[in-house]
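Worksheet: one structure, shown below.
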Amino acid sequence: MERTDGELKEPALKYPLVLVSWYDAKDGQTGWHSIEDVQKEKLAICYSMGWLVLKNDDRTVVMADYSNEENAHDGGRHIAIPTGWVRSITYLKPDYKETNKC
């Protein structure tokens, strides 16, 4: 972020800030279990927050960190989620949803 008159300025990124809810695989407990209990195992529900840098039929990529150090424009702590696993995407700034779709 750049400083202007002692204040921090939000980076001007073209990517929307989002909260993504998604399914993930989940291990069951170690040990012997009835088949009925094994069949009841549920998927894990996960949440990732950051900039939505890519969304297509294959994957949804969320980046949590951004650096503008010496105009390097680098991203960090990103996750690629299979798009079919995504439950929902909440746009944290409503204006992004309408003007900057990924």
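Chain identifiers are assigned as A, B, and so on, following the order in which chains appear in the structure tokens; residues are numbered from 1 within each chain, and ligands are numbered from 1 in order of appearance.
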
* To do: Mind checking which residues fall within 7 Å of Thr90 (chain A), counting only C-alpha atoms, ignoring those fewer than 6 positions away in the same chain, and posting them as a ChimeraX atom specification?
  => /A:18-20

* Running DSSP on the backbone, which parts of region 1-85 of chain A land in strand (DSSP E or B), as a ChimeraX atom specification? -> /A:2-4,7-9,17-24,44-55,59-67,74-82

* Asked: Can you tell me, as a PyMOL selection string, what residues are no more than 12 Å from region 75-88 of chain A when counting only C-alpha atoms, ignoring any on the same chain fewer than 6 positions away?
  -> chain A and resi 13+15+18-25+43-69

List every residue of region 15-70 of chain A that DSSP, applied to the backbone, labels as helix (DSSP H, G or I), and write the result as a short mmCIF file (atom, residue, chain, number, x, y, z; two decimals) with C-alpha atoms, in the first residue's frame.
data_model
loop_
_atom_site.label_atom_id
_atom_site.label_comp_id
_atom_site.auth_asym_id
_atom_site.auth_seq_id
_atom_site.Cartn_x
_atom_site.Cartn_y
_atom_site.Cartn_z
CA ILE A 35 -20.35 -49.28 7.14
CA GLU A 36 -23.46 -47.25 8.06
CA ASP A 37 -21.32 -44.81 10.09
CA VAL A 38 -18.74 -44.60 7.29
CA GLN A 39 -21.51 -43.75 4.81
CA GLU A 69 7.09 -3.36 -3.28
CA GLU A 70 9.07 -1.44 -5.89
#
